[in-house]
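As structure tokens, the structure follows; a few thoughts come after it.
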Amino acid sequence: MTIQRIKSTDPVNIPGWSWQPFLDDAVTRLQSLNYQPYPVSDRFLQREDQTGSKSKPVPVTTATWACKTEKFRQVRAACVCAGSAASVLNFVINPDSSFDLPFFGGDLVTLPSGHLLALDLQPAIKTDEAHTNHVWSRLVPIFERWRDQLPYGGPIPEEAKPFFSPGFLWTRLPLGTEGDDLIESIVRPAFNEYLDLYLEIAAKAERVSTERSDSLLKGQRKYTDYRAEKDPARGMLTRFHGSEWTEAYIHSVLFDL
């Protein structure tokens, strides 16, 4: 049975969705911030369709959880459950440009070929040491500890490198017991440690000058424009829900800056 969702902060509860524990962990950590709902159109809160063949249809649910706080312009989770075809949690914290903070990004994707998993605190302006050094000095030791326990996910495109930090944790895991065990014993605690660090840094962040805020906003827009243009989920979402809905979802919800 589908739970009717009235606002963006209503719980996401999709039967059989493998990434539910990660979203639950994140929401629990945010509760002390007294978050408010982030405006999301009803058509994007929860969408249900089918994929697969006519003889063997597979139900697809895409749901959005989103909130905002004083320091976070938008916190949002895009949740996709399509049986063995796909299971996805894309969890992003977009900071308010009045505070000198990176983005938090967590991509947890299961496809028939395996699991693709990425965690990072992503810079708005990677070349700006005032924006990054105090973050990387704390993030990199965490990254190195978890990286040594996971296989490397492989090189990323050159054009993408300005949007990732030195603590970008990226891995590919096989389907089955081996991958599932690593997700529970390594990836989940790593996700929570990255998020805990981010929330700790955010708690200490102070409001910046208008000039600094404008510079950060410019960097944030470059990041969100790049992500919207290169979103790897575009093909999957188009196959599940059609091009018109997908493009509107990418530009008005996922990367709406």
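Just so we're on the same page: first chain in the structure tokens is A, next is B, and so on; residues restart at 1 for each chain, and ligands are numbered from 1 in the order they show up.
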Within 6 Å of region 104-118 of chain A, counting only C-alpha atoms, which residues show up once you throw out same-chain ones fewer than 6 positions away? Write them as a compact mmCIF listing (two decimals) with N, CA and C atoms, in the first residue's frame, please.
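The result, written out as around.txt:
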```txt
# COMPACT_ATOMS: atom_id res chain seq x y z
N ALA A 85 15.60 -3.78 -11.42
CA ALA A 85 16.07 -2.85 -12.44
C ALA A 85 16.89 -1.71 -11.85
N ALA A 86 16.51 -1.23 -10.66
CA ALA A 86 17.23 -0.11 -10.06
C ALA A 86 16.72 0.15 -8.65
N SER A 87 17.66 0.55 -7.79
CA SER A 87 17.34 1.07 -6.47
C SER A 87 18.32 2.20 -6.19
N VAL A 88 17.81 3.40 -5.91
CA VAL A 88 18.68 4.59 -5.86
C VAL A 88 18.31 5.48 -4.69
N LEU A 89 19.34 5.99 -4.01
CA LEU A 89 19.19 7.12 -3.09
C LEU A 89 20.23 8.16 -3.49
N ASN A 90 19.75 9.32 -3.91
CA ASN A 90 20.63 10.46 -4.18
C ASN A 90 20.29 11.52 -3.14
N PHE A 91 21.22 11.69 -2.18
CA PHE A 91 21.00 12.58 -1.03
C PHE A 91 21.98 13.73 -1.10
N VAL A 92 21.46 14.96 -1.18
CA VAL A 92 22.30 16.14 -1.36
C VAL A 92 21.87 17.23 -0.38
N ILE A 93 22.85 17.87 0.25
CA ILE A 93 22.59 19.06 1.05
C ILE A 93 23.18 20.25 0.32
N LEU A 169 34.90 9.55 -1.89
CA LEU A 169 34.89 8.10 -1.67
C LEU A 169 34.00 7.45 -2.73
N TRP A 170 34.58 6.61 -3.56
CA TRP A 170 33.89 6.12 -4.75
C TRP A 170 34.24 4.66 -4.95
N THR A 171 33.21 3.82 -5.00
CA THR A 171 33.45 2.38 -5.10
C THR A 171 32.38 1.70 -5.94
N ARG A 172 32.73 0.55 -6.46
CA ARG A 172 31.79 -0.35 -7.13
C ARG A 172 31.83 -1.69 -6.40
N LEU A 173 30.65 -2.21 -6.11
CA LEU A 173 30.58 -3.48 -5.38
C LEU A 173 29.68 -4.45 -6.14
N PRO A 174 29.95 -5.74 -6.02
CA PRO A 174 29.12 -6.73 -6.71
C PRO A 174 27.78 -6.93 -6.01
N LEU A 175 26.81 -7.40 -6.78
CA LEU A 175 25.55 -7.81 -6.18
C LEU A 175 25.77 -9.08 -5.36
```
Spatial neighbours of Tyr198 (chain A), 12 Å, only C-alpha atoms, chain gap at least 2 places, as a PDB file with C-alpha atoms, in the first residue's frame:
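Listing of around_38.pdb after writing:
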```pdb
ATOM      1  CA  ALA A  26      20.061  10.997   7.615  1.00  0.00           C
ATOM      2  CA  ARG A  29      20.526  13.319  12.237  1.00  0.00           C
ATOM      3  CA  LEU A  30      18.668  16.332  10.844  1.00  0.00           C
ATOM      4  CA  LYS A  71      22.058  27.190   6.881  1.00  0.00           C
ATOM      5  CA  PHE A  72      20.804  24.711   4.284  1.00  0.00           C
ATOM      6  CA  VAL A  92      22.299  16.137  -1.359  1.00  0.00           C
ATOM      7  CA  ILE A  93      22.590  19.062   1.054  1.00  0.00           C
ATOM      8  CA  ASN A  94      22.711  22.426  -0.718  1.00  0.00           C
ATOM      9  CA  PRO A  95      24.057  25.075   1.679  1.00  0.00           C
ATOM     10  CA  LEU A 101      30.067  25.497   3.269  1.00  0.00           C
ATOM     11  CA  PRO A 102      30.574  22.755   0.664  1.00  0.00           C
ATOM     12  CA  PHE A 103      27.763  20.540  -0.554  1.00  0.00           C
ATOM     13  CA  PHE A 104      27.111  17.129   0.974  1.00  0.00           C
ATOM     14  CA  GLY A 105      26.586  14.450  -1.641  1.00  0.00           C
ATOM     15  CA  GLY A 106      25.709  10.799  -1.307  1.00  0.00           C
ATOM     16  CA  LEU A 119      30.245  10.017  -0.867  1.00  0.00           C
ATOM     17  CA  ASP A 120      31.746  13.495  -0.783  1.00  0.00           C
ATOM     18  CA  LEU A 121      31.733  16.993   0.652  1.00  0.00           C
ATOM     19  CA  GLN A 122      31.783  18.812  -2.664  1.00  0.00           C
ATOM     20  CA  HIS A 134      39.620  23.505   6.930  1.00  0.00           C
ATOM     21  CA  VAL A 135      37.204  20.911   5.510  1.00  0.00           C
ATOM     22  CA  TRP A 136      39.711  18.715   3.687  1.00  0.00           C
ATOM     23  CA  ARG A 138      39.276  16.804   8.607  1.00  0.00           C
ATOM     24  CA  LEU A 139      37.683  14.896   5.745  1.00  0.00           C
ATOM     25  CA  ILE A 142      38.108   9.797   7.335  1.00  0.00           C
ATOM     26  CA  PHE A 191      27.915   7.621   5.020  1.00  0.00           C
ATOM     27  CA  ASN A 192      27.028   8.535   8.581  1.00  0.00           C
ATOM     28  CA  GLU A 193      30.561   9.678   9.444  1.00  0.00           C
ATOM     29  CA  TYR A 194      30.721  11.922   6.369  1.00  0.00           C
ATOM     30  CA  LEU A 195      27.308  13.359   7.278  1.00  0.00           C
ATOM     31  CA  ASP A 196      28.234  13.829  10.948  1.00  0.00           C
ATOM     32  CA  GLU A 200      29.495  19.550  12.709  1.00  0.00           C
ATOM     33  CA  ILE A 201      31.227  21.931  10.284  1.00  0.00           C
ATOM     34  CA  ALA A 202      27.886  23.523   9.411  1.00  0.00           C
ATOM     35  CA  ALA A 203      27.017  24.059  13.076  1.00  0.00           C
ATOM     36  CA  LYS A 204      30.157  26.194  13.488  1.00  0.00           C
ATOM     37  CA  ALA A 205      29.739  28.146  10.256  1.00  0.00           C
TER      38      ALA A 205
END
```
Taking 6 positions as the minimum chain separation for residues in the same chain, which residues sit within 10 Å of Val40 (chain A) when counting only C-alpha atoms? Answer as a short mmCIF file (atom, residue, chain, number, x, y, z; two decimals) with N, CA and C atoms, in the first residue's frame.
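So around_3.cif came out as:
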```
data_model
loop_
_atom_site.label_atom_id
_atom_site.label_comp_id
_atom_site.auth_asym_id
_atom_site.auth_seq_id
_atom_site.Cartn_x
_atom_site.Cartn_y
_atom_site.Cartn_z
N LYS A 7 3.36 16.52 2.26
CA LYS A 7 4.43 17.52 2.16
C LYS A 7 5.77 16.80 2.04
N SER A 8 6.80 17.57 1.72
CA SER A 8 8.08 16.97 1.38
C SER A 8 8.77 16.27 2.54
N THR A 9 8.42 16.64 3.78
CA THR A 9 9.06 16.01 4.93
C THR A 9 8.29 14.80 5.47
N THR A 64 10.38 11.88 -3.37
CA THR A 64 11.28 12.96 -2.97
C THR A 64 11.04 13.31 -1.51
N TRP A 65 12.13 13.41 -0.75
CA TRP A 65 12.09 13.93 0.61
C TRP A 65 12.92 15.19 0.62
N ALA A 66 12.41 16.29 1.20
CA ALA A 66 13.16 17.54 1.15
C ALA A 66 12.81 18.43 2.33
N CYS A 67 13.83 19.17 2.81
CA CYS A 67 13.62 20.12 3.89
C CYS A 67 14.58 21.30 3.73
N ARG A 76 17.75 17.41 0.12
CA ARG A 76 16.77 16.59 -0.58
C ARG A 76 17.30 15.20 -0.88
N TYR A 249 11.71 17.46 -13.37
CA TYR A 249 12.18 17.00 -12.06
C TYR A 249 13.65 17.40 -11.85
N SER A 252 13.68 21.50 -11.71
CA SER A 252 12.88 22.22 -10.73
C SER A 252 12.93 21.61 -9.33
N VAL A 253 13.54 20.42 -9.19
CA VAL A 253 13.65 19.80 -7.87
C VAL A 253 15.11 19.45 -7.57
#
```
CA of Thr224 (chain A) to CA of Asp256 (chain A) measures 7.7 Å
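CA of Ser215 (chain A) to CA of Leu33 (chain A) spans 26.1 Å [interatomic distance, one decimal].
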Shortest interatomic distance to Asp100 (chain A) - which of A:Thr238, A:Gln149, A:Ser209, A:Thr51, counting only C-alpha atoms
A:Ser209
Pick out the closest residue to Ser32 (chain A) from this set: A:Pro57, A:Thr69, A:Thr177, A:Glu159. Count only C-alpha atoms.
A:Thr69
Neighbouring residues of Leu217 (chain A) were defined as those with any atom within 9 Å, considering only C-alpha atoms; residues of the same chain fewer than 5 positions away were excluded. Please report them as a ChimeraX atom specification.
/A:96-98,124,212,222
Which residues are close to Lys161 (chain A), i.e. within 12 Å by only C-alpha atoms, leaving aside same-chain residues fewer than 5 positions away? Reply as number ranges by chain.
A: 122-123, 125-127, 155-156, 166-168, 223, 226
Which of these, A:Val27, A:Ala82, A:Ala77, A:Leu216, has the shortest distance to Pro15 (chain A) once you count only C-alpha atoms?
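For Pro15 (chain A), the nearest of the given residues is A:Ala82.
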Asp180 (chain A) proximity check over A:Pro157, A:Ser18, A:Phe143, A:Ser137, using only C-alpha atoms: winner is A:Ser18
Pick from A:Trp17, A:Phe22, A:Phe163, A:Phe99 nearest to Val187 (chain A), counting only C-alpha atoms:
A:Phe22
Please give the complete set of residues from region 25-196 of chain A that DSSP, run on the backbone, assigns to strand (DSSP E or B), formatted as a VMD selection string.
chain A and resid 36 to 37 46 to 52 57 to 68 72 to 81 87 to 95 99 103 to 111 114 to 122 169 to 173
Just to confirm, what's the straight-line distance from CA of Pro151 (chain A) to CA of Asn133 (chain A) in Å (one decimal)?
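CA of Asn133 (chain A) lies 26.4 Å from CA of Pro151 (chain A).
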